Amino acid sequence: MPPLSRRQFVTRSVTTVAGSALIGRTSAAPMPPMADLSDSAPLIISTWPFGKPANESALACLKRGGSGLDAIEEGIRLTESDPTNPSVGLAGIPNSEGVVQLDACIMSGPGHRAGGVAALEGFAHPISVARRVMESTPHVLLVGEGARAFAAKNGFERGPKVSPGQKKAWKAWVQQQAEAKRKTDNHDTIAMVALLPDGNVFGGCSTSGRGYKLPGRVGDSPIIGSGLYVDNEVGAAGATGLGENVMRYCGSFLVVEFMRQGLHPQEACIETIRRIARLDPLGFDLAINFIALDKKGRYGAAGTGQGFEYSVTSERSSRVLQSPGLTAKNVGPVGGNVTK
Ligand code: SD4
């Protein structure tokens with residue numbers, strides 16, 4: 001199967017112009033055999049080709065003596081800072097009112113701790129605010145105005161309200177609302193999971209969410225178990241794609257549970273998509289994608305349609321790989337057993 005370029009993924013998206021800046025930074029290696037999908041820790045996996053420099057930044061952080069959480073935060077901050085990334089951080093896609101509202105979460109295997117923010121306005125690094133929620137409050141998730149006030153009180157870095165490119169695209173969208181409302185593939189997310197040499201697992205997730213969403217809409221990305229899940233006994237998983245289709249099934253939790261039952265991370269991603277497609281009226285037309293790694297250093301990914309590209313970084317190599325893509329035709333009977 002030819003690799004799915006990011007251009008194909010954002011086809012028909014009003015973010016295509018901004019998105020094209022990201023295309024061609026890397027080219028995905030073809031889908032590797034499942035047996036080859038393992039490496040030694042530290043091992044960092046993330047969604048999309050733009051995850052590769054983020055992974056490398058996370059690895060550099062670990063090498064400097066940073067903790068697992070430091071590495072996840074530092075890696076994701078790199079993506080949030082990228083002014084050419086149209087779907088993460090403050091250069092992300094605004095909502096229907098032209099305002100960027102960001103979602104993020106972070107999770108630590110040790111202690112099974114988690115923090116998140118949703119619909120956060122006006123701050124550059126939601127992943128850092130999510131970590132502060134985890135580390136300095138008794139809560140897991142702060143949203144909207146509460147999240148904004150928390151970030152302000154804690155002195156987090158503010159950011160531009162909306163990038164000039166996104167402002168222009170939003171104005172065009174306002175003019176073409178009827179047509180644009182049908183376009184739902186205008187979004188991407190960084191989800192990152194990491195296995196450390198001591199066997200501990202960490203993860204984080206950050207996005208501006210679905211473009212032109214209703215103000216206050218929250219997707220899967222900041223929701224523990226949906227956009228991200230970390231279980232220090234098993235491994236971790238993260239999601240990208242249409243959040244509404246992930247969060248109704250606790251997608252990342254399900255991937256981890258399949259790994260707990262003994263599936264290879266790639267099989268677990270595939271089996272999760274099969275389960276969701278079996279239950280969902282949309283079948284495989286769901287636009288959902290998962291990454292996963294387990295405690296043995298095995299990893300994998302899968303997506304609906306043509307699949308998607310994901311980034312894998314260890315001390316040995318840093319690569320962009322093509323995931324398997326699942327359609328009603330190529331996974332056999334929906335709900336069938338995983339084919340070994
Ligand atoms: C959301 N899951 O807010 C995110 C967007 C995304 O690829 O990941 N797009 O629905």
# chains A, B, ... in the order shown; residues from 1 in each chain; ligands from 1
call {"tool": "residues_around", "arguments": {"residues": "range 316-326 of chain A", "least_positions_apart": "3", "cutoff": "6 Å", "atoms": "only C-alpha atoms", "output": "ChimeraX atom specification"}}
result
/A:3,28-31,49,301-313
call {"tool": "write_last_selection", "arguments": {"atoms": "all heavy atoms", "output": "tab-separated table (two decimals), in the first residue's frame"}}
result
chain	number	residue	atom	x	y	z
A	3	PRO	N	2.24	4.86	0.93
A	3	PRO	CA	2.03	5.62	2.15
A	3	PRO	C	0.98	6.72	1.95
A	3	PRO	O	0.93	7.32	0.88
A	3	PRO	CB	3.40	6.24	2.45
A	3	PRO	CG	4.36	5.68	1.47
A	3	PRO	CD	3.59	4.96	0.40
A	28	ALA	N	7.49	8.57	4.64
A	28	ALA	CA	7.27	7.40	5.48
A	28	ALA	C	7.89	6.16	4.86
A	28	ALA	O	7.82	5.95	3.65
A	28	ALA	CB	5.78	7.18	5.66
A	29	ALA	N	8.48	5.33	5.71
A	29	ALA	CA	8.92	4.01	5.27
A	29	ALA	C	7.67	3.15	5.13
A	29	ALA	O	6.70	3.35	5.84
A	29	ALA	CB	9.87	3.42	6.30
A	30	PRO	N	7.70	2.19	4.17
A	30	PRO	CA	6.51	1.35	4.01
A	30	PRO	C	6.20	0.57	5.28
A	30	PRO	O	7.06	0.44	6.16
A	30	PRO	CB	6.90	0.39	2.89
A	30	PRO	CG	8.30	0.70	2.53
A	30	PRO	CD	8.79	1.87	3.31
A	31	MET	N	5.00	0.06	5.32
A	31	MET	CA	4.56	-0.68	6.49
A	31	MET	C	5.51	-1.84	6.80
A	31	MET	O	5.70	-2.72	5.97
A	31	MET	CB	3.20	-1.27	6.16
A	31	MET	CG	2.22	-1.15	7.25
A	31	MET	SD	0.69	-1.91	6.72
A	31	MET	CE	0.18	-0.89	5.37
A	49	PRO	N	4.04	12.54	10.90
A	49	PRO	CA	5.45	12.87	10.69
A	49	PRO	C	5.93	14.02	11.57
A	49	PRO	O	7.09	14.08	11.96
A	49	PRO	CB	5.50	13.25	9.20
A	49	PRO	CG	4.36	12.51	8.58
A	49	PRO	CD	3.27	12.51	9.63
A	301	ALA	N	0.66	0.66	15.14
A	301	ALA	CA	-0.37	1.68	14.88
A	301	ALA	C	-1.35	1.10	13.87
A	301	ALA	O	-1.06	0.11	13.20
A	301	ALA	CB	0.28	2.94	14.31
A	302	ALA	N	-2.49	1.73	13.78
A	302	ALA	CA	-3.45	1.37	12.73
A	302	ALA	C	-4.43	2.51	12.58
A	302	ALA	O	-4.68	3.27	13.53
A	302	ALA	CB	-4.20	0.08	13.07
A	303	GLY	N	-4.99	2.63	11.39
A	303	GLY	CA	-5.99	3.66	11.15
A	303	GLY	C	-7.05	3.14	10.21
A	303	GLY	O	-6.88	2.09	9.57
A	304	THR	N	-8.14	3.86	10.13
A	304	THR	CA	-9.17	3.50	9.15
A	304	THR	C	-8.75	4.03	7.77
A	304	THR	O	-7.85	4.87	7.67
A	304	THR	CB	-10.53	4.10	9.54
A	304	THR	OG1	-10.35	5.49	9.80
A	304	THR	CG2	-11.12	3.40	10.75
A	305	GLY	N	-9.39	3.53	6.75
A	305	GLY	CA	-9.09	3.99	5.39
A	305	GLY	C	-7.70	3.56	4.97
A	305	GLY	O	-7.36	2.38	5.03
A	306	GLN	N	-6.89	4.53	4.59
A	306	GLN	CA	-5.54	4.20	4.12
A	306	GLN	C	-4.52	4.17	5.24
A	306	GLN	O	-3.33	4.03	4.99
A	306	GLN	CB	-5.11	5.21	3.07
A	306	GLN	CG	-5.90	5.08	1.78
A	306	GLN	CD	-5.48	6.14	0.80
A	306	GLN	OE1	-5.84	7.31	0.92
A	306	GLN	NE2	-4.69	5.76	-0.17
A	307	GLY	N	-4.97	4.31	6.47
A	307	GLY	CA	-4.02	4.35	7.57
A	307	GLY	C	-3.41	5.73	7.71
A	307	GLY	O	-3.90	6.70	7.12
A	308	PHE	N	-2.34	5.82	8.46
A	308	PHE	CA	-1.73	7.12	8.68
A	308	PHE	C	-0.25	6.93	8.97
A	308	PHE	O	0.22	5.80	9.16
A	308	PHE	CB	-2.44	7.88	9.81
A	308	PHE	CG	-2.07	7.41	11.21
A	308	PHE	CD1	-1.48	8.27	12.12
A	308	PHE	CD2	-2.32	6.11	11.62
A	308	PHE	CE1	-1.14	7.86	13.40
A	308	PHE	CE2	-1.98	5.67	12.89
A	308	PHE	CZ	-1.39	6.55	13.78
A	309	GLU	N	0.49	8.04	9.01
A	309	GLU	CA	1.91	7.97	9.28
A	309	GLU	C	2.16	8.28	10.76
A	309	GLU	O	1.53	9.19	11.31
A	309	GLU	CB	2.67	8.97	8.40
A	309	GLU	CG	2.63	8.58	6.94
A	309	GLU	CD	3.20	9.65	6.03
A	309	GLU	OE1	3.59	10.73	6.54
A	309	GLU	OE2	3.24	9.42	4.83
A	310	TYR	N	3.10	7.53	11.32
A	310	TYR	CA	3.45	7.79	12.72
A	310	TYR	C	4.97	7.72	12.89
A	310	TYR	O	5.67	7.20	12.02
A	310	TYR	CB	2.73	6.80	13.64
A	310	TYR	CG	3.15	5.36	13.53
A	310	TYR	CD1	3.89	4.75	14.54
A	310	TYR	CD2	2.80	4.58	12.43
A	310	TYR	CE1	4.27	3.42	14.46
A	310	TYR	CE2	3.19	3.24	12.35
A	310	TYR	CZ	3.92	2.67	13.36
A	310	TYR	OH	4.31	1.36	13.27
A	311	SER	N	5.45	8.27	13.98
A	311	SER	CA	6.89	8.45	14.17
A	311	SER	C	7.39	7.58	15.31
A	311	SER	O	6.74	7.50	16.36
A	311	SER	CB	7.21	9.92	14.45
A	311	SER	OG	6.82	10.72	13.36
A	312	VAL	N	8.54	6.96	15.10
A	312	VAL	CA	9.11	6.02	16.06
A	312	VAL	C	10.57	6.40	16.29
A	312	VAL	O	11.35	6.45	15.33
A	312	VAL	CB	9.05	4.58	15.50
A	312	VAL	CG1	9.66	3.59	16.50
A	312	VAL	CG2	7.62	4.20	15.15
A	313	THR	N	10.92	6.65	17.53
A	313	THR	CA	12.28	7.11	17.83
A	313	THR	C	12.87	6.31	18.98
A	313	THR	O	12.23	6.13	20.02
A	313	THR	CB	12.26	8.61	18.20
A	313	THR	OG1	11.71	9.35	17.09
A	313	THR	CG2	13.66	9.13	18.50
call {"tool": "residues_around", "arguments": {"residues": "Val143 in chain A", "least_positions_apart": "4", "cutoff": "12 Å", "atoms": "only C-alpha atoms", "output": "short mmCIF file (atom, residue, chain, number, x, y, z; two decimals) with N, CA, C and O atoms, in the first residue's frame"}}
result
data_model
loop_
_atom_site.label_atom_id
_atom_site.label_comp_id
_atom_site.auth_asym_id
_atom_site.auth_seq_id
_atom_site.Cartn_x
_atom_site.Cartn_y
_atom_site.Cartn_z
N GLN A 101 -9.21 27.14 20.62
CA GLN A 101 -9.40 26.51 21.94
C GLN A 101 -8.63 25.19 21.93
O GLN A 101 -8.90 24.32 21.10
N LEU A 102 -7.68 25.07 22.85
CA LEU A 102 -6.76 23.93 22.82
C LEU A 102 -7.12 22.88 23.86
O LEU A 102 -7.60 23.20 24.96
N ASP A 103 -6.84 21.61 23.51
CA ASP A 103 -7.06 20.46 24.39
C ASP A 103 -5.73 19.74 24.58
O ASP A 103 -4.99 19.55 23.61
N ALA A 104 -5.46 19.29 25.80
CA ALA A 104 -4.24 18.50 26.02
C ALA A 104 -4.37 17.67 27.29
O ALA A 104 -5.15 18.02 28.20
N CYS A 105 -3.63 16.58 27.34
CA CYS A 105 -3.53 15.84 28.61
C CYS A 105 -2.17 15.17 28.69
O CYS A 105 -1.42 15.08 27.71
N GLY A 115 -3.43 14.54 34.10
CA GLY A 115 -3.93 15.91 34.15
C GLY A 115 -4.30 16.36 32.74
O GLY A 115 -3.74 15.86 31.76
N GLY A 116 -5.25 17.28 32.67
CA GLY A 116 -5.65 17.75 31.35
C GLY A 116 -6.29 19.12 31.40
O GLY A 116 -6.74 19.59 32.46
N VAL A 117 -6.31 19.75 30.23
CA VAL A 117 -7.07 20.99 30.05
C VAL A 117 -7.85 20.86 28.76
O VAL A 117 -7.41 20.21 27.81
N ALA A 118 -9.00 21.50 28.73
CA ALA A 118 -9.82 21.45 27.51
C ALA A 118 -10.40 22.83 27.23
O ALA A 118 -10.69 23.59 28.16
N ALA A 119 -10.53 23.13 25.95
CA ALA A 119 -11.06 24.42 25.51
C ALA A 119 -10.32 25.58 26.17
O ALA A 119 -10.91 26.56 26.60
N LEU A 120 -8.99 25.44 26.23
CA LEU A 120 -8.14 26.47 26.83
C LEU A 120 -7.82 27.54 25.79
O LEU A 120 -7.30 27.24 24.72
N GLU A 121 -8.09 28.78 26.14
CA GLU A 121 -7.86 29.90 25.21
C GLU A 121 -6.68 30.75 25.67
O GLU A 121 -6.57 31.05 26.86
N PRO A 126 -0.62 24.08 26.18
CA PRO A 126 -1.59 23.35 27.00
C PRO A 126 -1.02 22.10 27.65
O PRO A 126 -1.46 21.72 28.73
N VAL A 129 0.28 23.16 30.96
CA VAL A 129 -0.80 23.47 31.90
C VAL A 129 -1.42 22.15 32.39
O VAL A 129 -1.73 21.99 33.58
N ALA A 130 -1.55 21.19 31.46
CA ALA A 130 -2.10 19.87 31.85
C ALA A 130 -1.23 19.23 32.92
O ALA A 130 -1.73 18.66 33.91
N VAL A 133 -1.85 20.87 36.22
CA VAL A 133 -3.13 20.40 36.80
C VAL A 133 -2.87 19.08 37.53
O VAL A 133 -3.32 18.86 38.67
N HIS A 139 -7.24 17.64 41.00
CA HIS A 139 -8.14 17.34 39.88
C HIS A 139 -7.41 16.69 38.71
O HIS A 139 -6.19 16.68 38.65
N ALA A 147 -9.88 26.69 33.20
CA ALA A 147 -8.54 26.32 32.76
C ALA A 147 -7.73 27.58 32.44
O ALA A 147 -6.54 27.69 32.78
N ARG A 148 -8.38 28.55 31.80
CA ARG A 148 -7.71 29.80 31.45
C ARG A 148 -7.25 30.54 32.71
O ARG A 148 -6.12 31.00 32.81
N ALA A 149 -8.14 30.62 33.69
CA ALA A 149 -7.80 31.33 34.93
C ALA A 149 -6.66 30.61 35.66
O ALA A 149 -5.75 31.25 36.21
N PHE A 150 -6.67 29.30 35.64
CA PHE A 150 -5.60 28.52 36.28
C PHE A 150 -4.27 28.79 35.59
O PHE A 150 -3.24 29.00 36.24
N ALA A 151 -4.29 28.78 34.24
CA ALA A 151 -3.06 29.03 33.49
C ALA A 151 -2.55 30.44 33.76
O ALA A 151 -1.34 30.66 33.93
N PRO A 215 -17.89 26.48 19.96
CA PRO A 215 -17.15 26.91 21.15
C PRO A 215 -17.50 25.98 22.32
O PRO A 215 -18.66 25.63 22.52
N GLY A 216 -16.47 25.55 23.02
CA GLY A 216 -16.69 24.66 24.16
C GLY A 216 -16.66 23.18 23.81
O GLY A 216 -16.63 22.34 24.69
N ARG A 217 -16.61 22.88 22.51
CA ARG A 217 -16.51 21.46 22.12
C ARG A 217 -15.18 20.88 22.62
O ARG A 217 -14.13 21.48 22.47
N VAL A 218 -15.25 19.72 23.22
CA VAL A 218 -14.05 19.03 23.67
C VAL A 218 -13.98 17.69 22.95
O VAL A 218 -14.99 16.98 22.88
N GLY A 219 -12.81 17.38 22.42
CA GLY A 219 -12.65 16.12 21.70
C GLY A 219 -12.09 15.03 22.59
O GLY A 219 -12.13 15.12 23.82
N PRO A 222 -8.00 15.42 25.28
CA PRO A 222 -7.67 15.64 26.69
C PRO A 222 -8.35 14.64 27.63
O PRO A 222 -8.21 14.75 28.85
N ILE A 223 -9.10 13.71 27.06
CA ILE A 223 -9.88 12.79 27.89
C ILE A 223 -9.10 11.50 28.12
O ILE A 223 -8.79 10.76 27.16
#
call {"tool": "atom_distance", "arguments": {"atom1": "CA of Asn245 in chain A", "atom2": "CA of Cys205 in chain A"}}
result
16.6 Å
call {"tool": "atom_distance", "arguments": {"atom1": "CA of Ala169 in chain A", "atom2": "CA of Thr189 in chain A"}}
result
18.9 Å
call {"tool": "closest_atom_pairs", "arguments": {"of": "chain A", "to": "ligand 1", "cutoff": "6 Å", "atoms": "only C-alpha atoms and all ligand atoms", "output": "tab-separated table"}}
result
residue	atom	partner	partner_atom_place_in_ligand_line	distance
A:His187	CA	ligand 1	9 (N)	4.0
A:Asp188	CA	ligand 1	7 (O)	3.0
A:Thr189	CA	ligand 1	8 (O)	4.0
A:Gly209	CA	ligand 1	3 (O)	3.1
A:Arg210	CA	ligand 1	3 (O)	4.7
A:Gly219	CA	ligand 1	3 (O)	4.0
A:Asp220	CA	ligand 1	2 (N)	5.4
A:Ser221	CA	ligand 1	2 (N)	5.4
A:Thr240	CA	ligand 1	8 (O)	3.4
A:Gly241	CA	ligand 1	7 (O)	3.5
A:Leu242	CA	ligand 1	10 (O)	4.3
A:Gly243	CA	ligand 1	10 (O)	3.1
call {"tool": "write_last_selection", "arguments": {"atoms": "N, CA, C and O atoms", "output": "mmCIF file, in the first residue's frame"}}
result
data_model
loop_
_atom_site.group_PDB
_atom_site.id
_atom_site.type_symbol
_atom_site.label_atom_id
_atom_site.label_comp_id
_atom_site.auth_asym_id
_atom_site.auth_seq_id
_atom_site.Cartn_x
_atom_site.Cartn_y
_atom_site.Cartn_z
ATOM 1 N N HIS A 187 -8.159 18.486 10.849
ATOM 2 C CA HIS A 187 -7.626 18.386 12.205
ATOM 3 C C HIS A 187 -6.507 17.353 12.245
ATOM 4 O O HIS A 187 -6.474 16.431 11.437
ATOM 5 N N ASP A 188 -5.566 17.523 13.162
ATOM 6 C CA ASP A 188 -4.544 16.533 13.479
ATOM 7 C C ASP A 188 -4.147 16.766 14.925
ATOM 8 O O ASP A 188 -4.381 17.826 15.466
ATOM 9 N N THR A 189 -3.473 15.777 15.504
ATOM 10 C CA THR A 189 -3.145 15.845 16.918
ATOM 11 C C THR A 189 -1.791 15.215 17.125
ATOM 12 O O THR A 189 -1.460 14.246 16.447
ATOM 13 N N GLY A 209 -7.832 20.584 18.037
ATOM 14 C CA GLY A 209 -9.112 19.888 17.862
ATOM 15 C C GLY A 209 -9.711 20.071 16.487
ATOM 16 O O GLY A 209 -9.076 20.555 15.551
ATOM 17 N N ARG A 210 -10.920 19.691 16.402
ATOM 18 C CA ARG A 210 -11.639 19.733 15.131
ATOM 19 C C ARG A 210 -11.848 21.183 14.693
ATOM 20 O O ARG A 210 -12.335 22.002 15.476
ATOM 21 N N GLY A 219 -12.812 17.383 22.415
ATOM 22 C CA GLY A 219 -12.653 16.120 21.702
ATOM 23 C C GLY A 219 -12.090 15.033 22.591
ATOM 24 O O GLY A 219 -12.128 15.118 23.824
ATOM 25 N N ASP A 220 -11.543 14.026 21.962
ATOM 26 C CA ASP A 220 -10.982 12.886 22.695
ATOM 27 C C ASP A 220 -9.641 13.214 23.338
ATOM 28 O O ASP A 220 -9.263 12.613 24.349
ATOM 29 N N SER A 221 -8.905 14.171 22.749
ATOM 30 C CA SER A 221 -7.488 14.325 23.096
ATOM 31 C C SER A 221 -7.197 14.591 24.575
ATOM 32 O O SER A 221 -6.225 14.051 25.096
ATOM 33 N N THR A 240 -5.447 9.782 17.182
ATOM 34 C CA THR A 240 -5.673 10.982 16.390
ATOM 35 C C THR A 240 -6.791 10.658 15.405
ATOM 36 O O THR A 240 -7.017 9.502 15.072
ATOM 37 N N GLY A 241 -7.486 11.680 14.975
ATOM 38 C CA GLY A 241 -8.633 11.454 14.108
ATOM 39 C C GLY A 241 -9.842 12.185 14.654
ATOM 40 O O GLY A 241 -9.705 13.098 15.476
ATOM 41 N N LEU A 242 -10.977 11.801 14.215
ATOM 42 C CA LEU A 242 -12.199 12.498 14.616
ATOM 43 C C LEU A 242 -12.593 12.105 16.043
ATOM 44 O O LEU A 242 -13.041 10.985 16.293
ATOM 45 N N GLY A 243 -12.388 13.064 16.961
ATOM 46 C CA GLY A 243 -12.536 12.770 18.384
ATOM 47 C C GLY A 243 -13.882 12.182 18.753
ATOM 48 O O GLY A 243 -13.969 11.293 19.608
#
call {"tool": "atom_distance", "arguments": {"atom1": "CA of Thr327 in chain A", "atom2": "CA of Ile276 in chain A"}}
result
12.3 Å
call {"tool": "residues_around", "arguments": {"residues": "Pro197 in chain A", "least_positions_apart": "4", "cutoff": "9 Å", "atoms": "only C-alpha atoms", "output": "list in words"}}
result
Ser40, Ala41, Pro42 and Leu43 of chain A
call {"tool": "write_last_selection", "arguments": {"atoms": "N, CA, C and O atoms", "output": "compact mmCIF listing (two decimals), in the first residue's frame"}}
result
# COMPACT_ATOMS: atom_id res chain seq x y z
N SER A 40 14.52 -1.17 21.74
CA SER A 40 14.79 -1.09 23.17
C SER A 40 14.53 0.32 23.68
O SER A 40 14.65 1.30 22.94
N ALA A 41 14.18 0.39 24.94
CA ALA A 41 13.91 1.67 25.57
C ALA A 41 15.23 2.42 25.76
O ALA A 41 16.27 1.78 25.92
N PRO A 42 15.21 3.73 25.75
CA PRO A 42 14.03 4.59 25.60
C PRO A 42 13.45 4.53 24.18
O PRO A 42 14.19 4.62 23.19
N LEU A 43 12.14 4.43 24.15
CA LEU A 43 11.42 4.30 22.89
C LEU A 43 10.24 5.27 22.92
O LEU A 43 9.47 5.27 23.88
call {"tool": "closest_residue", "arguments": {"among": "A:Thr79, A:Asn55, A:Ser96, A:Thr137", "to": "Gln175 in chain A", "atoms": "only C-alpha atoms"}}
result
A:Ser96
call {"tool": "select_by_dssp", "arguments": {"residues": "range 186-255 of chain A", "states": "strand (DSSP E)", "output": "MDAnalysis selection string"}}
result
chainID A and resid 190:195 201:207 228:231 235:241
call {"tool": "closest_residue", "arguments": {"among": "A:Gly297, A:Gly122, A:Gly238, A:Gly204", "to": "Ser314 in chain A", "atoms": "only C-alpha atoms"}}
result
A:Gly297
call {"tool": "decode", "arguments": {"residues": "range 229-253 of chain A", "atoms": "N, CA and C atoms", "output": "mmCIF file, in the first residue's frame"}}
result
data_model
loop_
_atom_site.group_PDB
_atom_site.id
_atom_site.type_symbol
_atom_site.label_atom_id
_atom_site.label_comp_id
_atom_site.auth_asym_id
_atom_site.auth_seq_id
_atom_site.Cartn_x
_atom_site.Cartn_y
_atom_site.Cartn_z
ATOM 1 N N TYR A 229 -4.057 6.863 26.913
ATOM 2 C CA TYR A 229 -4.158 6.050 28.130
ATOM 3 C C TYR A 229 -2.810 5.399 28.399
ATOM 4 N N VAL A 230 -2.419 5.430 29.664
ATOM 5 C CA VAL A 230 -1.143 4.861 30.094
ATOM 6 C C VAL A 230 -1.415 3.915 31.249
ATOM 7 N N ASP A 231 -0.906 2.702 31.143
ATOM 8 C CA ASP A 231 -1.069 1.724 32.221
ATOM 9 C C ASP A 231 0.304 1.119 32.470
ATOM 10 N N ASN A 232 0.850 1.364 33.633
ATOM 11 C CA ASN A 232 2.246 0.975 33.868
ATOM 12 C C ASN A 232 2.445 -0.535 33.928
ATOM 13 N N GLU A 233 1.368 -1.293 33.979
ATOM 14 C CA GLU A 233 1.509 -2.758 33.917
ATOM 15 C C GLU A 233 1.588 -3.258 32.476
ATOM 16 N N VAL A 234 1.085 -2.446 31.543
ATOM 17 C CA VAL A 234 0.868 -2.949 30.189
ATOM 18 C C VAL A 234 1.598 -2.128 29.118
ATOM 19 N N GLY A 235 1.329 -0.829 29.066
ATOM 20 C CA GLY A 235 1.872 0.031 28.017
ATOM 21 C C GLY A 235 1.015 1.270 27.880
ATOM 22 N N ALA A 236 1.003 1.831 26.671
ATOM 23 C CA ALA A 236 0.269 3.083 26.472
ATOM 24 C C ALA A 236 -0.236 3.166 25.043
ATOM 25 N N ALA A 237 -1.294 3.967 24.878
ATOM 26 C CA ALA A 237 -1.856 4.176 23.541
ATOM 27 C C ALA A 237 -2.333 5.608 23.415
ATOM 28 N N GLY A 238 -2.364 6.099 22.181
ATOM 29 C CA GLY A 238 -2.873 7.443 21.914
ATOM 30 C C GLY A 238 -3.626 7.442 20.595
ATOM 31 N N ALA A 239 -4.419 8.496 20.404
ATOM 32 C CA ALA A 239 -5.291 8.530 19.228
ATOM 33 C C ALA A 239 -5.148 9.845 18.479
ATOM 34 N N THR A 240 -5.447 9.782 17.182
ATOM 35 C CA THR A 240 -5.673 10.982 16.390
ATOM 36 C C THR A 240 -6.791 10.658 15.405
ATOM 37 N N GLY A 241 -7.486 11.680 14.975
ATOM 38 C CA GLY A 241 -8.633 11.454 14.108
ATOM 39 C C GLY A 241 -9.842 12.185 14.654
ATOM 40 N N LEU A 242 -10.977 11.801 14.215
ATOM 41 C CA LEU A 242 -12.199 12.498 14.616
ATOM 42 C C LEU A 242 -12.593 12.105 16.043
ATOM 43 N N GLY A 243 -12.388 13.064 16.961
ATOM 44 C CA GLY A 243 -12.536 12.770 18.384
ATOM 45 C C GLY A 243 -13.882 12.182 18.753
ATOM 46 N N GLU A 244 -14.927 12.666 18.111
ATOM 47 C CA GLU A 244 -16.265 12.163 18.436
ATOM 48 C C GLU A 244 -16.348 10.652 18.224
ATOM 49 N N ASN A 245 -15.538 10.166 17.284
ATOM 50 C CA ASN A 245 -15.574 8.732 16.989
ATOM 51 C C ASN A 245 -14.629 7.915 17.862
ATOM 52 N N VAL A 246 -13.735 8.594 18.564
ATOM 53 C CA VAL A 246 -12.831 7.895 19.488
ATOM 54 C C VAL A 246 -13.430 7.882 20.889
ATOM 55 N N MET A 247 -13.977 9.020 21.296
ATOM 56 C CA MET A 247 -14.366 9.159 22.704
ATOM 57 C C MET A 247 -15.624 8.388 23.047
ATOM 58 N N ARG A 248 -16.433 8.054 22.048
ATOM 59 C CA ARG A 248 -17.626 7.246 22.354
ATOM 60 C C ARG A 248 -17.266 5.797 22.655
ATOM 61 N N TYR A 249 -15.991 5.453 22.409
ATOM 62 C CA TYR A 249 -15.580 4.056 22.629
ATOM 63 C C TYR A 249 -14.384 3.930 23.579
ATOM 64 N N CYS A 250 -13.990 5.068 24.222
ATOM 65 C CA CYS A 250 -12.806 5.007 25.098
ATOM 66 C C CYS A 250 -11.658 4.323 24.350
ATOM 67 N N GLY A 251 -11.367 4.833 23.146
ATOM 68 C CA GLY A 251 -10.483 4.138 22.213
ATOM 69 C C GLY A 251 -9.115 3.748 22.766
ATOM 70 N N SER A 252 -8.400 4.691 23.393
ATOM 71 C CA SER A 252 -7.041 4.361 23.833
ATOM 72 C C SER A 252 -7.071 3.353 24.988
ATOM 73 N N PHE A 253 -8.072 3.473 25.829
ATOM 74 C CA PHE A 253 -8.234 2.488 26.913
ATOM 75 C C PHE A 253 -8.409 1.091 26.319
#
